[in-house]
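K.L.:
I have a structure I would like to understand better, so I am pasting it below and will then ask my questions one at a time.
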Number of protein chains: 2
Amino acid sequence: MSYPGLMAIDRDAVLKAAVTVLSRQPTAHLDEIARVAGISRASLHRIFPGRDALIREVGLLGLRRYNSALDTAAIETGDTAAALRRLVEVLVPDAALCAFLAGENQLFDDPELCALWEEQDARVRAFFLRGQQEGAFRIELPAGWLSEAFFDLLAGVGWAVQDGRLAPRDSAFALTELFLGGALRRSTS
Amino acid sequence: MSYPGLMAIDRDAVLKAAVTVLSRQPTAHLDEIARVAGISRASLHRIFPGRDALIREVGLLGLRRYNSALDTAAIETGDTAAALRRLVEVLVPDAALCAFLAGENQLFDDPELCALWEEQDARVRAFFLRGQQEGAFRIELPAGWLSEAFFDLLAGVGWAVQDGRLAPRDSAFALTELFLGGALRRSTS
DNA sequence: CTCATTTGAGACATCCATGTCTCAGCTGAG
DNA sequence: CTCAGCTGAGACATGGATGTCTCAAATGAG
(Lines give C-alpha, C1' and ligand atoms only; values in the text may rest on other atoms or scores of the structure.)
Protein backbone atom coordinates (compact mmCIF):
# COMPACT_ATOMS: atom_id res chain seq x y z
CA MET A 1 0.00 0.00 0.00
CA SER A 2 1.14 3.50 -0.67
CA TYR A 3 0.68 6.27 1.81
CA PRO A 4 0.33 9.91 0.91
CA GLY A 5 3.41 10.82 2.86
CA LEU A 6 5.67 9.24 0.32
CA MET A 7 5.20 12.06 -2.09
CA ALA A 8 6.10 14.56 0.60
CA ILE A 9 9.56 13.04 0.83
CA ASP A 10 9.99 13.25 -2.91
CA ARG A 11 8.70 16.81 -2.89
CA ASP A 12 11.48 17.99 -0.60
CA ALA A 13 14.17 16.23 -2.56
CA VAL A 14 12.85 17.57 -5.83
CA LEU A 15 12.53 21.06 -4.43
CA LYS A 16 16.11 20.91 -3.27
CA ALA A 17 17.25 19.86 -6.71
CA ALA A 18 15.13 22.58 -8.27
CA VAL A 19 16.81 25.18 -6.08
CA THR A 20 20.22 23.97 -7.16
CA VAL A 21 19.35 24.32 -10.81
CA LEU A 22 17.09 27.36 -10.75
CA SER A 23 19.29 29.57 -8.57
CA ARG A 24 21.87 29.51 -11.38
CA GLN A 25 19.59 29.26 -14.34
CA PRO A 26 16.09 30.55 -13.74
CA THR A 27 15.12 29.53 -17.26
CA ALA A 28 16.28 25.93 -16.93
CA HIS A 29 14.05 23.39 -18.63
CA LEU A 30 11.97 20.95 -16.67
CA ASP A 31 13.97 18.12 -18.21
CA GLU A 32 17.08 19.49 -16.57
CA ILE A 33 15.41 19.85 -13.19
CA ALA A 34 14.01 16.34 -13.41
CA ARG A 35 17.42 15.00 -14.38
CA VAL A 36 19.14 16.64 -11.42
CA ALA A 37 16.37 15.43 -9.13
CA GLY A 38 16.93 11.92 -10.42
CA ILE A 39 13.38 11.41 -11.61
CA SER A 40 11.63 11.48 -14.94
CA ARG A 41 9.81 14.43 -16.34
CA ALA A 42 6.59 12.43 -15.99
CA SER A 43 7.10 11.97 -12.27
CA LEU A 44 8.02 15.61 -11.88
CA HIS A 45 4.68 16.42 -13.40
CA ARG A 46 2.97 14.03 -11.02
CA ILE A 47 4.40 15.90 -8.05
CA PHE A 48 3.95 19.42 -9.37
CA PRO A 49 1.13 20.26 -11.78
CA GLY A 50 3.39 22.42 -13.88
CA ARG A 51 6.30 24.75 -14.08
CA ASP A 52 4.52 27.65 -12.43
CA ALA A 53 3.53 25.48 -9.50
CA LEU A 54 7.10 24.28 -9.06
CA ILE A 55 8.54 27.78 -9.16
CA ARG A 56 5.94 28.93 -6.72
CA GLU A 57 6.69 26.09 -4.34
CA VAL A 58 10.38 26.86 -4.42
CA GLY A 59 9.61 30.48 -3.67
CA LEU A 60 7.36 29.51 -0.80
CA LEU A 61 10.03 27.21 0.57
CA GLY A 62 12.51 30.04 0.47
CA LEU A 63 10.21 32.41 2.28
CA ARG A 64 9.37 29.80 4.91
CA ARG A 65 13.02 29.04 5.51
CA TYR A 66 13.85 32.70 5.76
CA ASN A 67 11.06 33.24 8.23
CA SER A 68 11.98 30.30 10.40
CA ALA A 69 15.58 31.52 10.36
CA LEU A 70 14.38 34.80 11.83
CA ASP A 71 12.67 32.80 14.56
CA THR A 72 15.61 30.52 15.23
CA ALA A 73 17.99 33.45 15.45
CA ALA A 74 15.51 35.23 17.73
CA ILE A 75 16.20 38.56 16.12
CA GLU A 76 13.75 40.32 18.39
CA THR A 77 15.78 39.33 21.42
CA GLY A 78 18.89 40.75 22.97
CA ASP A 79 21.88 42.41 21.36
CA THR A 80 21.21 43.15 17.72
CA ALA A 81 24.75 42.63 16.49
CA ALA A 82 24.86 39.22 18.14
CA ALA A 83 21.45 38.45 16.70
CA LEU A 84 22.68 39.24 13.23
CA ARG A 85 25.61 36.91 13.68
CA ARG A 86 23.19 34.18 14.73
CA LEU A 87 20.98 34.94 11.76
CA VAL A 88 23.87 34.58 9.35
CA GLU A 89 24.83 31.22 10.81
CA VAL A 90 21.30 29.94 10.40
CA LEU A 91 20.75 31.45 6.97
CA VAL A 92 23.99 30.61 5.21
CA PRO A 93 23.09 26.96 4.55
CA ASP A 94 20.06 28.22 2.63
CA ALA A 95 21.95 30.93 0.78
CA ALA A 96 21.24 29.31 -2.59
CA LEU A 97 17.54 29.48 -1.84
CA CYS A 98 17.84 33.17 -1.08
CA ALA A 99 19.84 33.63 -4.28
CA PHE A 100 16.90 32.16 -6.14
CA LEU A 101 14.51 34.56 -4.42
CA ALA A 102 16.74 37.52 -5.20
CA GLY A 103 16.86 36.68 -8.88
CA GLU A 104 13.21 35.82 -9.36
CA ASN A 105 11.50 39.17 -9.11
CA GLN A 106 8.68 37.95 -11.28
CA LEU A 107 7.77 35.67 -8.43
CA PHE A 108 6.20 38.53 -6.55
CA ASP A 109 3.37 38.78 -9.01
CA ASP A 110 1.71 36.24 -6.77
CA PRO A 111 -0.21 38.22 -4.14
CA GLU A 112 0.30 35.61 -1.44
CA LEU A 113 4.05 35.40 -1.91
CA CYS A 114 4.30 39.15 -2.19
CA ALA A 115 2.41 39.62 1.07
CA LEU A 116 4.55 37.02 2.80
CA TRP A 117 7.71 38.72 1.63
CA GLU A 118 6.49 42.13 2.65
CA GLU A 119 5.66 40.84 6.10
CA GLN A 120 9.07 39.30 6.61
CA ASP A 121 10.93 42.23 5.17
CA ALA A 122 9.08 44.52 7.55
CA ARG A 123 10.27 42.29 10.36
CA VAL A 124 13.87 42.58 9.25
CA ARG A 125 13.56 46.31 8.78
CA ALA A 126 12.20 46.60 12.30
CA PHE A 127 15.17 44.60 13.49
CA PHE A 128 17.66 46.97 11.92
CA LEU A 129 15.69 49.93 13.17
CA ARG A 130 15.91 48.56 16.70
CA GLY A 131 19.62 48.07 16.25
CA GLN A 132 19.95 51.67 15.19
CA GLN A 133 17.93 52.94 18.12
CA GLU A 134 20.02 50.90 20.50
CA GLY A 135 23.19 52.34 19.01
CA ALA A 136 24.46 49.13 17.47
CA PHE A 137 23.91 50.00 13.80
CA ARG A 138 24.79 53.18 12.02
CA ILE A 139 21.98 55.65 11.68
CA GLU A 140 23.28 57.22 8.49
CA LEU A 141 22.12 54.18 6.53
CA PRO A 142 18.36 53.62 6.13
CA ALA A 143 17.08 50.47 7.81
CA GLY A 144 15.42 49.48 4.56
CA TRP A 145 18.73 49.66 2.76
CA LEU A 146 20.44 47.59 5.45
CA SER A 147 17.73 44.97 5.10
CA GLU A 148 18.00 44.84 1.34
CA ALA A 149 21.78 44.96 1.23
CA PHE A 150 21.96 42.13 3.73
CA PHE A 151 19.77 40.00 1.54
CA ASP A 152 21.77 40.90 -1.57
CA LEU A 153 25.00 39.85 0.12
CA LEU A 154 23.37 36.66 1.32
CA ALA A 155 22.35 35.90 -2.25
CA GLY A 156 25.87 36.73 -3.34
CA VAL A 157 27.19 34.18 -0.88
CA GLY A 158 24.80 31.62 -2.34
CA TRP A 159 26.05 32.23 -5.88
CA ALA A 160 29.70 32.31 -4.87
CA VAL A 161 29.46 29.07 -2.92
CA GLN A 162 27.62 27.29 -5.69
CA ASP A 163 30.25 28.30 -8.23
CA GLY A 164 33.08 27.34 -5.93
CA ARG A 165 34.36 30.87 -5.57
CA LEU A 166 33.76 30.83 -1.84
CA ALA A 167 34.23 27.92 0.54
CA PRO A 168 31.08 27.07 2.53
CA ARG A 169 33.26 26.99 5.59
CA ASP A 170 34.24 30.63 5.14
CA SER A 171 30.92 31.96 3.92
CA ALA A 172 29.37 32.86 7.27
CA PHE A 173 32.50 34.71 8.35
CA ALA A 174 32.80 36.52 5.02
CA LEU A 175 29.19 37.66 5.14
CA THR A 176 29.12 38.68 8.79
CA GLU A 177 32.42 40.50 8.79
CA LEU A 178 31.86 42.39 5.58
CA PHE A 179 28.32 43.39 6.41
CA LEU A 180 28.98 44.39 9.99
CA GLY A 181 32.53 45.66 9.78
CA GLY A 182 32.94 46.74 6.18
CA ALA A 183 35.92 46.35 3.89
CA LEU A 184 37.97 49.12 5.46
CA ARG A 185 40.68 48.15 7.87
CA ARG A 186 40.51 50.02 11.17
CA SER A 187 43.60 52.05 11.69
CA THR A 188 45.47 50.43 14.55
CA SER A 189 48.56 52.57 14.20
CA MET B 1 19.19 60.50 -47.54
CA SER B 2 19.80 58.30 -44.57
CA TYR B 3 23.20 57.90 -43.08
CA PRO B 4 24.39 54.84 -41.18
CA GLY B 5 24.81 56.80 -38.00
CA LEU B 6 21.09 57.13 -37.55
CA MET B 7 20.69 53.54 -36.49
CA ALA B 8 23.49 53.95 -33.96
CA ILE B 9 21.39 56.55 -32.15
CA ASP B 10 18.44 54.21 -32.08
CA ARG B 11 20.66 51.39 -30.89
CA ASP B 12 21.71 53.25 -27.78
CA ALA B 13 18.17 54.33 -26.95
CA VAL B 14 16.87 50.82 -27.46
CA LEU B 15 19.66 49.31 -25.42
CA LYS B 16 18.86 51.69 -22.61
CA ALA B 17 15.23 50.67 -22.71
CA ALA B 18 16.22 47.03 -22.84
CA VAL B 19 18.31 47.45 -19.71
CA THR B 20 15.38 49.03 -17.90
CA VAL B 21 13.14 46.11 -18.72
CA LEU B 22 15.58 43.22 -18.60
CA SER B 23 17.27 44.12 -15.33
CA ARG B 24 13.96 43.49 -13.60
CA GLN B 25 12.56 40.82 -15.84
CA PRO B 26 15.19 38.84 -17.71
CA THR B 27 12.47 36.84 -19.45
CA ALA B 28 10.57 39.86 -20.73
CA HIS B 29 9.16 39.45 -24.22
CA LEU B 30 10.50 41.38 -27.14
CA ASP B 31 7.11 43.07 -27.48
CA GLU B 32 7.57 44.57 -24.04
CA ILE B 33 11.08 45.78 -24.79
CA ALA B 34 9.96 47.30 -28.08
CA ARG B 35 7.05 48.99 -26.34
CA VAL B 36 9.28 50.56 -23.69
CA ALA B 37 11.75 51.61 -26.37
CA GLY B 38 8.92 53.28 -28.24
CA ILE B 39 9.39 51.34 -31.45
CA SER B 40 7.68 48.41 -33.10
CA ARG B 41 8.78 44.85 -32.83
CA ALA B 42 9.62 44.96 -36.52
CA SER B 43 12.02 47.84 -36.05
CA LEU B 44 13.55 46.20 -33.02
CA HIS B 45 14.26 43.23 -35.20
CA ARG B 46 15.75 45.48 -37.85
CA ILE B 47 18.26 46.83 -35.33
CA PHE B 48 19.06 43.53 -33.62
CA PRO B 49 18.89 40.27 -35.55
CA GLY B 50 17.23 38.50 -32.67
CA ARG B 51 16.78 38.13 -28.97
CA ASP B 52 20.17 36.55 -28.39
CA ALA B 53 21.89 39.37 -30.21
CA LEU B 54 20.05 41.96 -28.13
CA ILE B 55 20.88 40.27 -24.85
CA ARG B 56 24.47 39.94 -25.91
CA GLU B 57 24.69 43.60 -26.85
CA VAL B 58 23.28 44.64 -23.50
CA GLY B 59 25.81 42.44 -21.78
CA LEU B 60 28.62 43.88 -23.84
CA LEU B 61 27.45 47.38 -23.07
CA GLY B 62 27.51 46.57 -19.38
CA LEU B 63 30.99 45.17 -19.52
CA ARG B 64 32.27 48.13 -21.51
CA ARG B 65 30.72 50.61 -19.09
CA TYR B 66 32.14 48.73 -16.13
CA ASN B 67 35.57 48.69 -17.71
CA SER B 68 35.54 52.37 -18.61
CA ALA B 69 34.41 53.11 -15.05
CA LEU B 70 37.52 51.36 -13.79
CA ASP B 71 39.54 53.62 -16.08
CA THR B 72 37.71 56.79 -15.15
CA ALA B 73 38.10 56.09 -11.45
CA ALA B 74 41.77 55.28 -12.03
CA ILE B 75 41.66 52.40 -9.59
CA GLU B 76 45.30 51.61 -10.15
CA THR B 77 46.30 55.03 -8.89
CA GLY B 78 46.71 56.42 -5.42
CA ASP B 79 44.82 55.66 -2.25
CA THR B 80 42.63 52.61 -2.68
CA ALA B 81 39.83 53.73 -0.39
CA ALA B 82 39.56 57.02 -2.25
CA ALA B 83 39.68 55.14 -5.54
CA LEU B 84 36.77 52.99 -4.43
CA ARG B 85 34.75 56.07 -3.57
CA ARG B 86 35.48 57.43 -7.03
CA LEU B 87 34.52 54.13 -8.58
CA VAL B 88 31.17 54.12 -6.83
CA GLU B 89 30.40 57.63 -8.02
CA VAL B 90 31.13 56.66 -11.60
CA LEU B 91 29.39 53.30 -11.44
CA VAL B 92 26.18 54.15 -9.63
CA PRO B 93 24.48 55.70 -12.67
CA ASP B 94 24.92 52.38 -14.42
CA ALA B 95 23.82 50.30 -11.47
CA ALA B 96 20.83 48.92 -13.36
CA LEU B 97 23.16 47.67 -16.06
CA CYS B 98 25.24 45.88 -13.44
CA ALA B 99 22.07 44.46 -11.93
CA PHE B 100 21.34 42.97 -15.33
CA LEU B 101 24.80 41.45 -15.50
CA ALA B 102 24.48 40.01 -12.02
CA GLY B 103 21.23 38.29 -12.83
CA GLU B 104 22.15 36.96 -16.22
CA ASN B 105 24.58 34.16 -15.44
CA GLN B 106 23.66 32.40 -18.64
CA LEU B 107 25.27 35.28 -20.47
CA PHE B 108 28.69 33.92 -19.72
CA ASP B 109 28.19 30.99 -22.04
CA ASP B 110 29.57 33.32 -24.65
CA PRO B 111 33.35 32.85 -24.65
CA GLU B 112 34.06 36.44 -25.60
CA LEU B 113 31.89 37.93 -22.86
CA CYS B 114 33.20 35.43 -20.36
CA ALA B 115 36.80 36.33 -21.20
CA LEU B 116 36.01 40.02 -20.96
CA TRP B 117 34.40 39.57 -17.57
CA GLU B 118 37.24 37.46 -16.30
CA GLU B 119 39.73 40.09 -17.38
CA GLN B 120 37.88 42.89 -15.64
CA ASP B 121 37.20 40.89 -12.52
CA ALA B 122 40.89 40.11 -12.28
CA ARG B 123 41.56 43.81 -12.46
CA VAL B 124 39.16 44.52 -9.61
CA ARG B 125 40.58 41.65 -7.57
CA ALA B 126 44.05 43.07 -8.07
CA PHE B 127 42.74 46.42 -6.90
CA PHE B 128 41.42 44.98 -3.65
CA LEU B 129 44.59 42.97 -3.19
CA ARG B 130 46.62 46.14 -3.53
CA GLY B 131 44.39 47.82 -1.00
CA GLN B 132 44.97 44.97 1.40
CA GLN B 133 48.71 45.08 0.92
CA GLU B 134 48.72 48.81 1.52
CA GLY B 135 46.76 48.34 4.72
CA ALA B 136 43.58 50.01 3.54
CA PHE B 137 41.37 46.92 3.27
CA ARG B 138 40.98 44.12 5.77
CA ILE B 139 43.09 41.09 5.06
CA GLU B 140 40.70 38.64 6.71
CA LEU B 141 38.37 38.89 3.72
CA PRO B 142 39.53 37.36 0.43
CA ALA B 143 40.05 39.90 -2.34
CA GLY B 144 37.85 37.77 -4.58
CA TRP B 145 35.03 37.98 -2.11
CA LEU B 146 35.42 41.75 -1.79
CA SER B 147 35.24 42.05 -5.55
CA GLU B 148 32.15 39.90 -5.81
CA ALA B 149 30.39 41.42 -2.81
CA PHE B 150 31.00 44.88 -4.18
CA PHE B 151 29.38 43.93 -7.43
CA ASP B 152 26.45 42.30 -5.64
CA LEU B 153 25.83 45.44 -3.62
CA LEU B 154 26.10 47.54 -6.74
CA ALA B 155 23.47 45.36 -8.38
CA GLY B 156 21.37 45.69 -5.24
CA VAL B 157 21.56 49.45 -5.56
CA GLY B 158 20.41 49.14 -9.16
CA TRP B 159 17.36 47.09 -8.18
CA ALA B 160 16.51 49.27 -5.21
CA VAL B 161 16.71 52.47 -7.21
CA GLN B 162 14.64 51.08 -10.05
CA ASP B 163 11.92 49.99 -7.65
CA GLY B 164 11.98 53.28 -5.81
CA ARG B 165 13.21 51.80 -2.55
CA LEU B 166 16.35 53.91 -2.65
CA ALA B 167 16.72 57.48 -3.86
CA PRO B 168 19.30 57.85 -6.63
CA ARG B 169 20.66 60.79 -4.69
CA ASP B 170 21.46 58.57 -1.70
CA SER B 171 22.62 55.51 -3.56
CA ALA B 172 26.31 56.33 -3.85
CA PHE B 173 26.53 57.19 -0.17
CA ALA B 174 24.62 54.06 0.86
CA LEU B 175 26.84 51.82 -1.21
CA THR B 176 30.15 53.41 -0.26
CA GLU B 177 29.45 53.67 3.43
CA LEU B 178 28.04 50.19 3.85
CA PHE B 179 30.74 48.53 1.82
CA LEU B 180 33.64 50.39 3.32
CA GLY B 181 32.42 50.99 6.84
CA GLY B 182 29.91 48.23 7.46
CA ALA B 183 26.62 48.37 9.29
CA LEU B 184 28.11 48.45 12.76
CA ARG B 185 28.32 51.76 14.52
CA ARG B 186 31.74 52.52 15.88
CA SER B 187 31.65 52.89 19.62
CA THR B 188 32.34 56.54 20.35
CA SER B 189 31.64 56.25 24.04
C1' DC C 1 4.80 -16.10 -6.58
C1' DT C 2 0.86 -12.62 -7.60
C1' DC C 3 -0.97 -8.50 -8.12
C1' DA C 4 -1.51 -3.59 -7.29
C1' DT C 5 1.05 0.51 -7.62
C1' DT C 6 4.52 3.40 -9.22
C1' DT C 7 7.87 4.88 -12.36
C1' DG C 8 10.19 5.96 -16.72
C1' DA C 9 10.49 6.30 -21.63
C1' DG C 10 8.49 7.92 -25.37
C1' DA C 11 4.90 9.55 -28.46
C1' DC C 12 1.98 12.82 -29.31
C1' DA C 13 -0.84 17.65 -29.01
C1' DT C 14 -0.65 22.40 -27.64
C1' DC C 15 0.83 26.78 -26.69
C1' DC C 16 3.53 30.77 -27.17
C1' DA C 17 7.55 33.57 -28.24
C1' DT C 18 10.26 34.25 -31.95
C1' DG C 19 11.51 35.10 -36.65
C1' DT C 20 9.97 36.44 -41.37
C1' DC C 21 7.28 38.63 -44.58
C1' DT C 22 4.06 41.98 -46.77
C1' DC C 23 1.91 46.25 -47.31
C1' DA C 24 0.01 50.63 -46.26
C1' DG C 25 1.14 55.11 -44.13
C1' DC C 26 4.37 58.54 -42.92
C1' DT C 27 8.37 61.39 -43.56
C1' DG C 28 11.81 64.05 -45.58
C1' DA C 29 14.74 65.37 -49.39
C1' DG C 30 14.67 67.30 -53.84
C1' DC D 1 4.26 67.93 -55.40
C1' DT D 2 6.92 63.39 -56.15
C1' DC D 3 9.21 59.72 -54.82
C1' DA D 4 12.42 56.90 -52.23
C1' DG D 5 13.05 55.05 -47.84
C1' DC D 6 11.78 54.13 -43.24
C1' DT D 7 8.36 52.59 -39.91
C1' DG D 8 4.48 50.19 -37.79
C1' DA D 9 0.75 46.94 -37.84
C1' DG D 10 -0.46 42.62 -38.74
C1' DA D 11 -0.49 37.95 -40.78
C1' DC D 12 1.97 33.79 -41.02
C1' DA D 13 5.37 30.04 -40.33
C1' DT D 14 8.53 27.91 -37.13
C1' DG D 15 10.61 25.93 -33.21
C1' DG D 16 10.94 24.53 -28.76
C1' DA D 17 9.18 23.87 -24.13
C1' DT D 18 5.29 22.36 -21.84
C1' DG D 19 1.37 19.48 -20.75
C1' DT D 20 -0.97 14.92 -21.47
C1' DC D 21 -1.26 10.35 -22.53
C1' DT D 22 -0.09 5.28 -22.98
C1' DC D 23 2.33 1.23 -21.94
C1' DA D 24 5.97 -1.70 -20.43
C1' DA D 25 9.19 -2.46 -16.69
C1' DA D 26 10.33 -2.12 -11.93
C1' DT D 27 8.91 -2.22 -7.23
C1' DG D 28 7.07 -3.98 -3.14
C1' DA D 29 3.52 -5.74 -0.05
C1' DG D 30 0.98 -9.89 0.93
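Here's how to read the names in the C-alpha coordinates: chain A, B, ... by the order shown, residue numbers from 1 in each chain, ligand numbers from 1 in the order shown.
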Can you tell me, as a ChimeraX atom specification, what residues are no more than 8 Å from region 29-37 of chain A when counting only C-alpha atoms (C1' of nucleotides), ignoring any on the same chain fewer than 5 positions away?
P.N.:
/A:13-14,17-18,21,44,51 /D:17
K.L.:
Give me, as number ranges by chain, all polymer residues having an atom no more than 12 Å from Leu54 (chain A), counting only C-alpha atoms (C1' of nucleotides) and skipping those fewer than 2 positions away in the same chain.
P.N.:
A: 11-12, 14-19, 22, 26, 29-30, 33-34, 44-52, 56-61, 107
K.L.:
Could you check which of A:Val88, A:Leu175, A:Ala136, A:Leu129 is closest to chain B, using only C-alpha atoms?
P.N.:
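For chain B, the nearest of the candidates is A:Ala136.
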K.L.:
Fewer than 4 positions away in the same chain doesn't count, so skip those; otherwise give me all residues within 12 Å of DT2 (chain C), counting only C-alpha atoms (C1' of nucleotides), as a list in words.
P.N.:
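Answer for this query is DG28, DA29 and DG30 of chain D.
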K.L.:
Among region 26-186 of chain B, which residues does DSSP mark as alpha helix (DSSP H) when it is run on the backbone? Keep the chain and numbering as in the structure and answer as a PyMOL selection string.
P.N.:
chain B and resi 30-37+41-47+51-72+80-91+95-103+111-133+143-162+168-181
K.L.:
Can you pull out the residues contacting Phe151 (chain B)? Cut-off 12 Å, using only C-alpha atoms (C1' of nucleotides), and skip same-chain residues under 6 positions away; I want them as JSON, numbers by chain.
P.N.:
{"A": [149, 152, 153, 155, 156, 157, 160], "B": [66, 87, 88, 91, 92, 94, 95, 96, 97, 98, 99, 100, 101, 102, 103, 120, 121, 124, 125, 144, 145, 157, 158, 175, 176, 179]}
K.L.:
Using 10 Å as the limit and counting only C-alpha atoms (C1' of nucleotides), can you tabulate each residue of chain C that touches chain B, with its shortest atom-to-atom distance in Å and the two atoms involved, as CSV?
P.N.:
```
residue,atom,partner,partner_atom,distance
C:DA17,C1',B:His29,CA,7.3
C:DT18,C1',B:Arg51,CA,8.1
C:DG19,C1',B:Gly50,CA,7.8
C:DT20,C1',B:Ala42,CA,9.8
C:DG28,C1',B:Met1,CA,8.4
C:DA29,C1',B:Met1,CA,6.8
```
K.L.:
Using Å and a single decimal, report how far C1' of DC16 (chain C) sits from CA of Gly62 (chain A).
P.N.:
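Atom-to-atom, CA of Gly62 (chain A) and C1' of DC16 (chain C) are spaced 29.1 Å apart.
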K.L.:
Sort by chain and increasing residue number a table of all residues of chain A within 6 Å of chain B, each with its closest pair of atoms and their distance in Å to one decimal, counting only C-alpha atoms, and write it as a tab-separated table.
P.N.:
```
residue	atom	partner	partner_atom	distance
A:Ala136	CA	B:Arg185	CA	5.5
A:Phe137	CA	B:Leu184	CA	4.6
A:Arg138	CA	B:Arg185	CA	4.6
A:Phe179	CA	B:Gly182	CA	5.2
A:Leu180	CA	B:Ala183	CA	4.7
A:Gly181	CA	B:Gly182	CA	4.3
A:Gly182	CA	B:Gly182	CA	3.6
A:Ala183	CA	B:Leu180	CA	4.7
A:Leu184	CA	B:Phe137	CA	4.6
A:Arg185	CA	B:Arg138	CA	4.6
```
K.L.:
Give me the chain D side of the contact with chain B, cut-off 10 Å, one line per residue showing its nearest atom pair and distance in Å at one decimal, counting only C-alpha atoms (C1' of nucleotides), sorted by chain and residue number, as JSON lines.
P.N.:
```
{"residue": "D:DA4", "atom": "C1'", "partner": "B:Met1", "partner_atom": "CA", "distance": 9.0}
{"residue": "D:DG5", "atom": "C1'", "partner": "B:Ser2", "partner_atom": "CA", "distance": 8.2}
{"residue": "D:DC6", "atom": "C1'", "partner": "B:Ser2", "partner_atom": "CA", "distance": 9.1}
{"residue": "D:DT7", "atom": "C1'", "partner": "B:Ser43", "partner_atom": "CA", "distance": 7.1}
{"residue": "D:DG8", "atom": "C1'", "partner": "B:Ser40", "partner_atom": "CA", "distance": 5.9}
{"residue": "D:DA9", "atom": "C1'", "partner": "B:Ser40", "partner_atom": "CA", "distance": 8.5}
```
